[in-house]
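Structure record follows, encoded as structure tokens.
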Protein chains: 4
Amino acid sequence: MINMRVKQMDVKGGMSALEIIEEMAGAGVFIAGRLAKAVQVLSDMISDKEVTVFLGAAGALVPAGLGRIMAEMVYDGFVDVFVTTGANITHDLIEAFGGRHERGISGEDEELRNKGISRIFDSYISDDAFVLFEKKIQEILADISVEKRRQGIPVYELLKEIGLHLDYKYSFVKAAAEVDVPIFCPAITDSILGLQMWLFSQREELKLDVLEDLHKIVSIAYDTKKAGAFILGGGVPKNYILQAMLITGKGFNYAVQITLDRPESGGLSGATLSEAKSWGKVAKNAITVDVIADITITLPLIFSALKEMLEKRLKSES
Amino acid sequence: MINMRVKQMDVKGGMSALEIIEEMAGAGVFIAGRLAKAVQVLSDMISDKEVTVFLGAAGALVPAGLGRIMAEMVYDGFVDVFVTTGANITHDLIEAFGGRHERGISGEDEELRNKGISRIFDSYISDDAFVLFEKKIQEILADISVEKRRQGIPVYELLKEIGLHLDYKYSFVKAAAEVDVPIFCPAITDSILGLQMWLFSQREELKLDVLEDLHKIVSIAYDTKKAGAFILGGGVPKNYILQAMLITGKGFNYAVQITLDRPESGGLSGATLSEAKSWGKVAKNAITVDVIADITITLPLIFSALKEMLEKRLKSES
Amino acid sequence: MINMRVKQMDVKGGMSALEIIEEMAGAGVFIAGRLAKAVQVLSDMISDKEVTVFLGAAGALVPAGLGRIMAEMVYDGFVDVFVTTGANITHDLIEAFGGRHERGISGEDEELRNKGISRIFDSYISDDAFVLFEKKIQEILADISVEKRRQGIPVYELLKEIGLHLDYKYSFVKAAAEVDVPIFCPAITDSILGLQMWLFSQREELKLDVLEDLHKIVSIAYDTKKAGAFILGGGVPKNYILQAMLITGKGFNYAVQITLDRPESGGLSGATLSEAKSWGKVAKNAITVDVIADITITLPLIFSALKEMLEKRLKSES
Amino acid sequence: MINMRVKQMDVKGGMSALEIIEEMAGAGVFIAGRLAKAVQVLSDMISDKEVTVFLGAAGALVPAGLGRIMAEMVYDGFVDVFVTTGANITHDLIEAFGGRHERGISGEDEELRNKGISRIFDSYISDDAFVLFEKKIQEILADISVEKRRQGIPVYELLKEIGLHLDYKYSFVKAAAEVDVPIFCPAITDSILGLQMWLFSQREELKLDVLEDLHKIVSIAYDTKKAGAFILGGGVPKNYILQAMLITGKGFNYAVQITLDRPESGGLSGATLSEAKSWGKVAKNAITVDVIADITITLPLIFSALKEMLEKRLKSES
């Protein structure tokens, strides 16, 4: 029964992320062991062309400096279906429109408001960025065919239209539009972007058809041969992805989640992927990894290691 | 500057929740100190008739056994606007339709699936409950005027229609419908209820008008004299409440949140209420309390203490 | 297999802690369910005269306002062996000597230092309290027989000597000395009290015999008929208690722990009580409860509920 | 006031840990920003010959596969004073004596006990390893001069004696003995090693002089020109390091801590380094970094990045 030694990690200066993760795999325990397993499973599911990869992205990725990695994951073909929050899309668009997230600012929150600065932990954004956002997004919304807007437009189509209007290579909204990866955002009205849509709808025709979004993601789920989920943070994206496969009766074949949320509160964000097996969201024999860790540290490592791994795999195959 | 002693709590057998919380107020520090302050602030905002109280409820309240408390909070007039998740509504309706949440079950998640049982940490629900849910909710949806369904119905109206069809006194959906408290559910399509709506829409007319929901909650926010937020868990309900007041330029006057989510990941769920001041979601001079605690323990205490406090206040006024 | 319904909690104003905990027991799930189970198990182990109860107390109990409850637990016979940190003892003695913990202070930590104030989250203590502490503790140490001090004195004996010098009824050090409950403090040199002992030892004879402490607690463990552990926080007290029973080959029969520490880091503080079964620290058939919760909220509730429960049990027996 | 953009991280396959951390520094926010700052501060304090570096190591480093990194940090001169737990030393010695930590084991904790296996989250150790440990450590203890053992031996001297008896290059106990870095272990009696010492003391002379340990570390603290703390996990090592400098009236000039413990419980483990300024443990103008993160992921990264950074610094200086 006892079969594998916990190898003491042998770490050197200059090692690549992948090399360090291989040392973590050799130890194979605690959170580092799970991180190493996650890289292995992600590599398998991304390189298997039969697997449809659903990426769930909650949290504050762009204010954290992770937006470019998200865009590159899309361009690199790591993602087939993208599910995220209105906040992530709003901050992505803000950067795409020329706004900035700032750091190194101090002061009480009341003072920040007096200076027109909003805070996201230790990342900051000025009111100017939101003014610019309003101007640009209202123009784009006006540019969408009034016929579509009147009928009711599903959010994934609206986001594609927005993406095609962008000219900023590190935007994941643009990346997804370009390579035709649908972005789902089930709670779009819960965001600054949603508020802008409502403002627009006060003067112009605009209806969202959110049941059509559900139709689209469920259709994709039905059509998958195999399905993999890569879930960053919990929240709405996590469940929306899992429930899409639930209804097909198939369940995900692979699932990796990275979150610090814990299961004991009973909320879905912290629920284990094993729990998802009891629902049929994840298949009984699926390979799953729960990485209880911070995304800002682990995602860059995972992305670098995956890139090196997949480049090596390509070379060895050619 | 040093002005108040941390009084060592004097706790006796038979004390009421309020009496214990008063001892916590006397100590006044750490999490117990914040819990005591939360009760004080909630009592102030609920008993002030000029304050519109927005309740945000994420998490898994009904599977936790907290659904009845939610319903009673509505009946007792503690809540003017209710914002929650599709999951909370789904589980509330399941109980209202005669389904049950169970406990004391053991076994691996794969086995549970084989037995038709879904797990929410250590609360369980059988597939039968979902079959019943489907039958009942499809009937109710069919019962709603086809005209409304064709035009696009805001979610809060749809939930009121559903609530009026219920006959179970511990359902918060019914309670809210009865006393005309609107329930907002920005991510309704991210739930079993949402999936049922989609299924319905495959055969019958049904369109949701989620921008109209936003219009409604923003209108309420504009009309408030004073506004108070009581936020259980983070997620979409928290931000949807905060952004409604943001757009009015006023900000909440009172805000209490109870969550174990922490701010350092940058996600909105764990963001402090102070951070919300930098955005203008909470007014600069607002009274806020961040209680970093579990809801299943704290909500029953808070509810009992509030009831005793408000009953005493009523008596002393009469 | 499905046997018990998650009863929706029925909470009223004026309910006692015990009554609310009974409602939590009726729901029986999530953290509230565990809290309720913990009260039941503690009540069983405290009222069973064959059970030797080991209390482990880490954290900052006295600065939190929980010191009096600790003292009362000792006086009420809830505790047979007390294991704690040097910090808890230091703060207990500070209050016993007339020092105070304060609250309601603001300012940056650098400013606090300038003003001679030390901070423990939002509980504060002035340098005056430490000056008084030094004066008093040096007097007490000098008062202990030089013979004992020269030979090497076990810490539990030293703490009893200190306790007998005190005249403050809410000190757990005094309480334990009075009712002859030994206090173990394995890391006493890791505290202000330890530093004071070292200062004393620079001028006067003083040697600590920490292996004799281990001898004493292991002897107690050997002599138990049944053993129960009530562990508040993790740290050294938790392991010192568990290892004492490990060496006897018997393991604890009951164990309840309350901590927010989580197991995935691999540290002992967050380890589950189930894990302790694999070591033989807890007996295979033991009854254990892991309450993942804050102590400042749960301990007052538990103490009040236990008191009411045990008073009722006494009445019904008489 | 707004001065620095949150640069979107530009991460490629094959990048070294240092290169990825430089990208995290460019973003500069959230946990990744703190990790990057920690590497910078550690690099500064390690390469400054005037700084005495105190390493605090709690947790389960050897069962996690991090023992070799600890040993290499000592050999590389990153550490001048090493403070750790009895558990870390015990597990280090187990590997040094030829025992192993295993992984990939399944089964309930009761079954594990039946099979003679103890669990540390998902790292396992068999009873054989403890039998071997007992045999070897009893031999080493017997080998120490009876004169020293009778008089009372400080723990740091005893650990040096043990270290000199070892022949395993990845043991930090051996490494520290070889390069004459003292290891302090204030709670040594709270460990399997401590229990072995007690067993030895039942047959042979053995007294520990823990006040002499305190004397030694305080003396080192007094002699520092500048002092830096690198604290992995909280617990006793953290406070023992901080209090050593407190008593000198100087405070640490640099401090980096990595822990997932949070401050709101009031425990010292989760206390911020800023809080330590209010006590005078950390100097008012000190440079501090609190990294709220898992050690198994971050320590390998930090170690690799530090090695690369210091090698580059050496080259550029030569």
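In the structure tokens, the first chain shown is A, the next is B, and so on; residue numbers restart at 1 for each chain, and ligands run from 1 in the order shown.
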Q: Fewer than 4 positions away in the same chain doesn't count, so skip those; otherwise give me all residues within 9 Å of Asp294 (chain C), counting only C-alpha atoms, as a list in words.
A: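 Contacts, with the query itself left out: Ile31, Ala32, Ile292, Ala293 and Asp294 of chain B; Gly233, Ile258, Thr259, Leu260, Thr298 and Leu299 of chain C; Ser265 of chain D.
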Counting only C-alpha atoms, which residues of chain C fall within 6 Å of chain B, and what is the closest atom pair for each with its distance in Å at one decimal, ordered by chain and rising number, as CSV?
residue,atom,partner,partner_atom,distance
C:Met4,CA,B:Arg103,CA,5.5
C:Arg5,CA,B:Glu102,CA,4.5
C:Val6,CA,B:Glu102,CA,5.2
C:Lys7,CA,B:Gly65,CA,5.9
C:Gln8,CA,B:Gly65,CA,4.1
C:Met9,CA,B:Gly65,CA,5.6
C:Lys12,CA,B:Ser304,CA,5.3
C:Gly13,CA,B:Glu308,CA,4.3
C:Gly14,CA,B:Ser16,CA,5.3
C:Met15,CA,B:Ser16,CA,5.2
C:Ser16,CA,B:Ser16,CA,3.9
C:Ala17,CA,B:Ala17,CA,5.7
C:Ala27,CA,B:Gly65,CA,5.2
C:Val29,CA,B:Asp122,CA,5.9
C:Ala32,CA,B:Ile297,CA,5.1
C:Gly65,CA,B:Gln8,CA,4.1
C:Leu66,CA,B:Gln8,CA,5.9
C:Arg68,CA,B:Gln8,CA,5.7
C:His101,CA,B:Val6,CA,5.4
C:Glu102,CA,B:Arg5,CA,4.5
C:Arg103,CA,B:Met4,CA,5.5
C:Asp122,CA,B:Val29,CA,5.9
C:Thr296,CA,B:Ala32,CA,5.3
C:Ile297,CA,B:Ala32,CA,5.1
C:Ser304,CA,B:Gly13,CA,4.3
C:Lys307,CA,B:Gly13,CA,4.5
C:Glu308,CA,B:Gly13,CA,4.3
Selection file, C-alpha atoms, as a short mmCIF file (atom, residue, chain, number, x, y, z; two decimals), in the first residue's frame:
data_model
loop_
_atom_site.label_atom_id
_atom_site.label_comp_id
_atom_site.auth_asym_id
_atom_site.auth_seq_id
_atom_site.Cartn_x
_atom_site.Cartn_y
_atom_site.Cartn_z
CA MET C 4 -33.23 12.90 9.22
CA ARG C 5 -34.69 16.08 7.87
CA VAL C 6 -32.74 19.32 8.06
CA LYS C 7 -35.27 21.09 10.27
CA GLN C 8 -35.59 24.78 9.46
CA MET C 9 -34.49 26.60 12.62
CA LYS C 12 -37.47 33.59 18.66
CA GLY C 13 -36.55 36.70 20.58
CA GLY C 14 -35.47 36.00 24.16
CA MET C 15 -34.35 32.44 23.52
CA SER C 16 -31.45 31.23 25.63
CA ALA C 17 -28.17 30.15 24.09
CA ALA C 27 -30.98 21.60 11.46
CA VAL C 29 -25.70 20.63 9.28
CA ALA C 32 -24.05 25.38 13.34
CA GLY C 65 -12.49 39.35 27.09
CA LEU C 66 -12.72 35.57 27.53
CA ARG C 68 -13.28 35.30 33.10
CA HIS C 101 -6.78 45.74 28.09
CA GLU C 102 -8.28 48.67 26.24
CA ARG C 103 -10.26 49.28 23.07
CA ASP C 122 -8.16 45.76 18.09
CA THR C 296 -14.85 34.74 20.66
CA ILE C 297 -18.31 34.02 19.30
CA SER C 304 -23.81 29.48 28.61
CA LYS C 307 -24.17 25.79 32.24
CA GLU C 308 -27.90 25.67 31.49
#
**Q.** All alpha helix (DSSP H) residues (DSSP, backbone) inside region 136-290 of chain C, as a PyMOL selection string
**A.** chain C and resi 136-143+146-151+155-164+172-179+192-203+210-223+235-246+273-279
Q: Enter the distance from CA of Ile217 (chain C) to CA of Ser201 (chain C), in Å, rounded to one decimal.
A: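 A separation of 25.4 Å between them.
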Q) Hey, which of A:Ile241, A:Leu193, A:Ile188, A:Leu314 ends up closest to Ala276 (chain A)? Count only C-alpha atoms. A)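 Distance minimum relative to Ala276 (chain A) lands on A:Ile241.
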Q: Might you pull out every residue within 7 Å of Ile231 (chain D), with only C-alpha atoms counted and same-chain residues fewer than 5 positions away left off, and present them as a list of chain:residue names?
A: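 Here the qualifying residues turn out to be D:Leu55, D:Gly56, D:Ala57, D:Lys238, D:Val256, D:Gln257, D:Ile258.
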Dump as a PDB file, in the first residue's frame, selection limited to N, CA and C atoms:
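Ended up saving to out.pdb:
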ATOM      1  N   LEU D  55      15.566  32.853  10.941  1.00  0.00           N
ATOM      2  CA  LEU D  55      14.547  32.100  10.208  1.00  0.00           C
ATOM      3  C   LEU D  55      13.602  31.431  11.200  1.00  0.00           C
ATOM      4  N   GLY D  56      12.325  31.650  11.024  1.00  0.00           N
ATOM      5  CA  GLY D  56      11.319  30.954  11.838  1.00  0.00           C
ATOM      6  C   GLY D  56      10.594  29.954  10.960  1.00  0.00           C
ATOM      7  N   ALA D  57      10.523  28.710  11.409  1.00  0.00           N
ATOM      8  CA  ALA D  57       9.913  27.684  10.567  1.00  0.00           C
ATOM      9  C   ALA D  57       8.944  26.825  11.365  1.00  0.00           C
ATOM     10  N   LYS D 238       7.696  32.141  15.427  1.00  0.00           N
ATOM     11  CA  LYS D 238       7.482  33.545  15.087  1.00  0.00           C
ATOM     12  C   LYS D 238       7.652  34.450  16.303  1.00  0.00           C
ATOM     13  N   VAL D 256       9.861  39.484   6.867  1.00  0.00           N
ATOM     14  CA  VAL D 256       8.994  38.883   5.842  1.00  0.00           C
ATOM     15  C   VAL D 256       8.303  37.697   6.494  1.00  0.00           C
ATOM     16  N   GLN D 257       6.981  37.622   6.363  1.00  0.00           N
ATOM     17  CA  GLN D 257       6.311  36.421   6.871  1.00  0.00           C
ATOM     18  C   GLN D 257       5.415  35.831   5.788  1.00  0.00           C
ATOM     19  N   ILE D 258       5.345  34.509   5.795  1.00  0.00           N
ATOM     20  CA  ILE D 258       4.475  33.793   4.856  1.00  0.00           C
ATOM     21  C   ILE D 258       3.567  32.905   5.676  1.00  0.00           C
TER      22      ILE D 258
END
Q.
Report, in Å with one decimal, the straight-line distance from CA of Cys185 (chain D) to CA of Leu214 (chain C).
A.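 The value is 15.7 Å.
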(Q) Considering only C-alpha atoms, can you say which of B:Asp80, B:Glu50, B:Glu22, B:Glu134 comes closest to Phe184 (chain B)? (A)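 Looking only at the distances to Phe184 (chain B), the closest residue turns out to be B:Asp80.
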Q) Which value, in Å to one decimal, gives the distance between CA of Asp44 (chain A) and CA of Tyr254 (chain A)? A)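 Value for the CA of Asp44 (chain A)-CA of Tyr254 (chain A) distance: 9.2 Å.
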Determine which residues of region 114-243 of chain B DSSP labels as strand (DSSP E) from the backbone of this structure, then write them out as a CSV table (one decimal) with N, CA and C atoms, in the first residue's frame.
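See out.csv below for the written result:
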chain,number,residue,atom,x,y,z
B,117,ILE,N,-28.6,10.9,-5.0
B,117,ILE,CA,-28.6,12.0,-3.9
B,117,ILE,C,-27.5,13.0,-4.2
B,118,SER,N,-27.8,14.2,-4.1
B,118,SER,CA,-26.9,15.3,-4.3
B,118,SER,C,-26.5,15.9,-3.0
B,119,ARG,N,-25.2,16.3,-2.9
B,119,ARG,CA,-24.7,16.7,-1.6
B,119,ARG,C,-24.3,18.2,-1.6
B,120,ILE,N,-24.6,18.9,-0.5
B,120,ILE,CA,-24.2,20.3,-0.3
B,120,ILE,C,-23.5,20.3,1.1
B,123,SER,N,-25.4,18.5,3.9
B,123,SER,CA,-26.8,18.5,3.7
B,123,SER,C,-27.1,17.8,2.3
B,124,TYR,N,-28.1,17.1,2.2
B,124,TYR,CA,-28.3,16.2,1.1
B,124,TYR,C,-29.7,16.4,0.5
B,125,ILE,N,-29.9,16.1,-0.8
B,125,ILE,CA,-31.2,16.3,-1.4
B,125,ILE,C,-31.3,15.2,-2.4
B,126,SER,N,-32.5,14.5,-2.5
B,126,SER,CA,-32.7,13.4,-3.4
B,126,SER,C,-33.2,13.9,-4.7
B,183,ILE,N,-38.0,40.6,-4.8
B,183,ILE,CA,-36.8,39.7,-4.8
B,183,ILE,C,-36.1,39.9,-6.1
B,184,PHE,N,-34.8,40.3,-6.1
B,184,PHE,CA,-34.0,40.4,-7.3
B,184,PHE,C,-33.1,39.2,-7.3
B,226,LYS,N,-32.9,57.1,3.3
B,226,LYS,CA,-31.7,56.6,3.9
B,226,LYS,C,-31.7,55.1,3.4
B,227,ALA,N,-30.5,54.6,3.3
B,227,ALA,CA,-30.4,53.2,2.8
B,227,ALA,C,-29.5,52.4,3.7
B,228,GLY,N,-29.9,51.2,4.0
B,228,GLY,CA,-29.1,50.2,4.8
B,228,GLY,C,-28.9,48.9,4.1
B,229,ALA,N,-27.8,48.3,4.2
B,229,ALA,CA,-27.5,47.0,3.5
B,229,ALA,C,-27.1,46.0,4.6
B,230,PHE,N,-27.8,44.8,4.5
B,230,PHE,CA,-27.4,43.7,5.4
B,230,PHE,C,-27.0,42.6,4.4
B,231,ILE,N,-25.8,42.3,4.4
B,231,ILE,CA,-25.2,41.4,3.4
B,231,ILE,C,-24.7,40.1,4.0
B,232,LEU,N,-25.4,39.0,3.6
B,232,LEU,CA,-25.0,37.7,4.1
B,232,LEU,C,-24.2,37.0,3.0
Q | Near-region 203-205 of chain A list (10 Å; only C-alpha atoms; drop same-chain fewer than 6 positions) as a ChimeraX atom specification | A | /A:141-142,145-152,197
Q. Taking into account only C-alpha atoms, which residue in the set D:Pro154, D:Gly234, D:Pro182, D:Gly194 is nearest to Leu208 (chain C)?
A. D:Pro154
Q) Could you pull the residues within 12 Å of Thr224 (chain D), counting only C-alpha atoms, minus those fewer than 4 positions along the same chain, as a list of chain:residue names? A)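 The residues satisfying every condition are D:Lys49, D:Glu50, D:Val51, D:Thr52, D:Val53, D:Phe54, D:Asp80, D:Val81, D:Ile217, D:Val218, D:Ser219, D:Ile220, D:Gly228, D:Ala244, D:Met245, D:Thr248, D:Gly249, D:Lys250, D:Gly251, D:Phe252, D:Asn253.
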Written file, previous selection with N, CA and C atoms, as a PDB file, in the first residue's frame:
ATOM      1  N   LYS D  49      25.829  41.900   4.617  1.00  0.00           N
ATOM      2  CA  LYS D  49      26.565  41.127   5.636  1.00  0.00           C
ATOM      3  C   LYS D  49      26.337  41.634   7.052  1.00  0.00           C
ATOM      4  N   GLU D  50      25.840  42.847   7.173  1.00  0.00           N
ATOM      5  CA  GLU D  50      25.578  43.387   8.510  1.00  0.00           C
ATOM      6  C   GLU D  50      24.272  42.862   9.117  1.00  0.00           C
ATOM      7  N   VAL D  51      23.486  42.213   8.293  1.00  0.00           N
ATOM      8  CA  VAL D  51      22.176  41.753   8.793  1.00  0.00           C
ATOM      9  C   VAL D  51      22.273  40.327   9.339  1.00  0.00           C
ATOM     10  N   THR D  52      21.847  40.151  10.573  1.00  0.00           N
ATOM     11  CA  THR D  52      21.684  38.816  11.148  1.00  0.00           C
ATOM     12  C   THR D  52      20.285  38.319  10.776  1.00  0.00           C
ATOM     13  N   VAL D  53      20.234  37.190  10.079  1.00  0.00           N
ATOM     14  CA  VAL D  53      18.944  36.687   9.598  1.00  0.00           C
ATOM     15  C   VAL D  53      18.420  35.588  10.519  1.00  0.00           C
ATOM     16  N   PHE D  54      17.234  35.825  11.060  1.00  0.00           N
ATOM     17  CA  PHE D  54      16.537  34.849  11.904  1.00  0.00           C
ATOM     18  C   PHE D  54      15.478  34.163  11.048  1.00  0.00           C
ATOM     19  N   ASP D  80      21.167  32.869   9.867  1.00  0.00           N
ATOM     20  CA  ASP D  80      22.129  32.959  10.969  1.00  0.00           C
ATOM     21  C   ASP D  80      21.592  32.344  12.257  1.00  0.00           C
ATOM     22  N   VAL D  81      20.296  32.394  12.422  1.00  0.00           N
ATOM     23  CA  VAL D  81      19.640  31.848  13.617  1.00  0.00           C
ATOM     24  C   VAL D  81      18.397  31.104  13.132  1.00  0.00           C
ATOM     25  N   ILE D 217      19.687  33.431  22.668  1.00  0.00           N
ATOM     26  CA  ILE D 217      19.071  34.140  21.531  1.00  0.00           C
ATOM     27  C   ILE D 217      18.975  35.638  21.821  1.00  0.00           C
ATOM     28  N   VAL D 218      18.743  35.998  23.075  1.00  0.00           N
ATOM     29  CA  VAL D 218      18.707  37.420  23.417  1.00  0.00           C
ATOM     30  C   VAL D 218      20.107  38.026  23.250  1.00  0.00           C
ATOM     31  N   SER D 219      21.119  37.269  23.603  1.00  0.00           N
ATOM     32  CA  SER D 219      22.495  37.759  23.422  1.00  0.00           C
ATOM     33  C   SER D 219      22.797  38.002  21.951  1.00  0.00           C
ATOM     34  N   ILE D 220      22.370  37.072  21.120  1.00  0.00           N
ATOM     35  CA  ILE D 220      22.574  37.257  19.679  1.00  0.00           C
ATOM     36  C   ILE D 220      21.838  38.505  19.211  1.00  0.00           C
ATOM     37  N   GLY D 228      17.159  40.823  10.521  1.00  0.00           N
ATOM     38  CA  GLY D 228      16.102  40.489   9.567  1.00  0.00           C
ATOM     39  C   GLY D 228      15.397  39.213   9.994  1.00  0.00           C
ATOM     40  N   ALA D 244      12.758  38.200  20.956  1.00  0.00           N
ATOM     41  CA  ALA D 244      14.199  38.314  21.218  1.00  0.00           C
ATOM     42  C   ALA D 244      14.686  39.718  20.883  1.00  0.00           C
ATOM     43  N   MET D 245      14.131  40.264  19.804  1.00  0.00           N
ATOM     44  CA  MET D 245      14.555  41.605  19.416  1.00  0.00           C
ATOM     45  C   MET D 245      13.821  42.666  20.233  1.00  0.00           C
ATOM     46  N   THR D 248      15.680  43.880  23.228  1.00  0.00           N
ATOM     47  CA  THR D 248      16.871  44.715  22.980  1.00  0.00           C
ATOM     48  C   THR D 248      16.499  46.175  22.795  1.00  0.00           C
ATOM     49  N   GLY D 249      15.198  46.438  22.557  1.00  0.00           N
ATOM     50  CA  GLY D 249      14.786  47.811  22.299  1.00  0.00           C
ATOM     51  C   GLY D 249      15.083  48.286  20.892  1.00  0.00           C
ATOM     52  N   LYS D 250      15.560  47.372  20.045  1.00  0.00           N
ATOM     53  CA  LYS D 250      15.917  47.790  18.688  1.00  0.00           C
ATOM     54  C   LYS D 250      14.850  47.462  17.653  1.00  0.00           C
ATOM     55  N   GLY D 251      14.328  46.284  17.696  1.00  0.00           N
ATOM     56  CA  GLY D 251      13.341  45.873  16.694  1.00  0.00           C
ATOM     57  C   GLY D 251      14.003  45.424  15.400  1.00  0.00           C
ATOM     58  N   PHE D 252      13.322  44.557  14.669  1.00  0.00           N
ATOM     59  CA  PHE D 252      13.850  44.081  13.388  1.00  0.00           C
ATOM     60  C   PHE D 252      13.848  45.198  12.348  1.00  0.00           C
ATOM     61  N   ASN D 253      14.861  45.175  11.492  1.00  0.00           N
ATOM     62  CA  ASN D 253      14.953  46.145  10.402  1.00  0.00           C
ATOM     63  C   ASN D 253      14.248  45.659   9.151  1.00  0.00           C
TER      64      ASN D 253
END
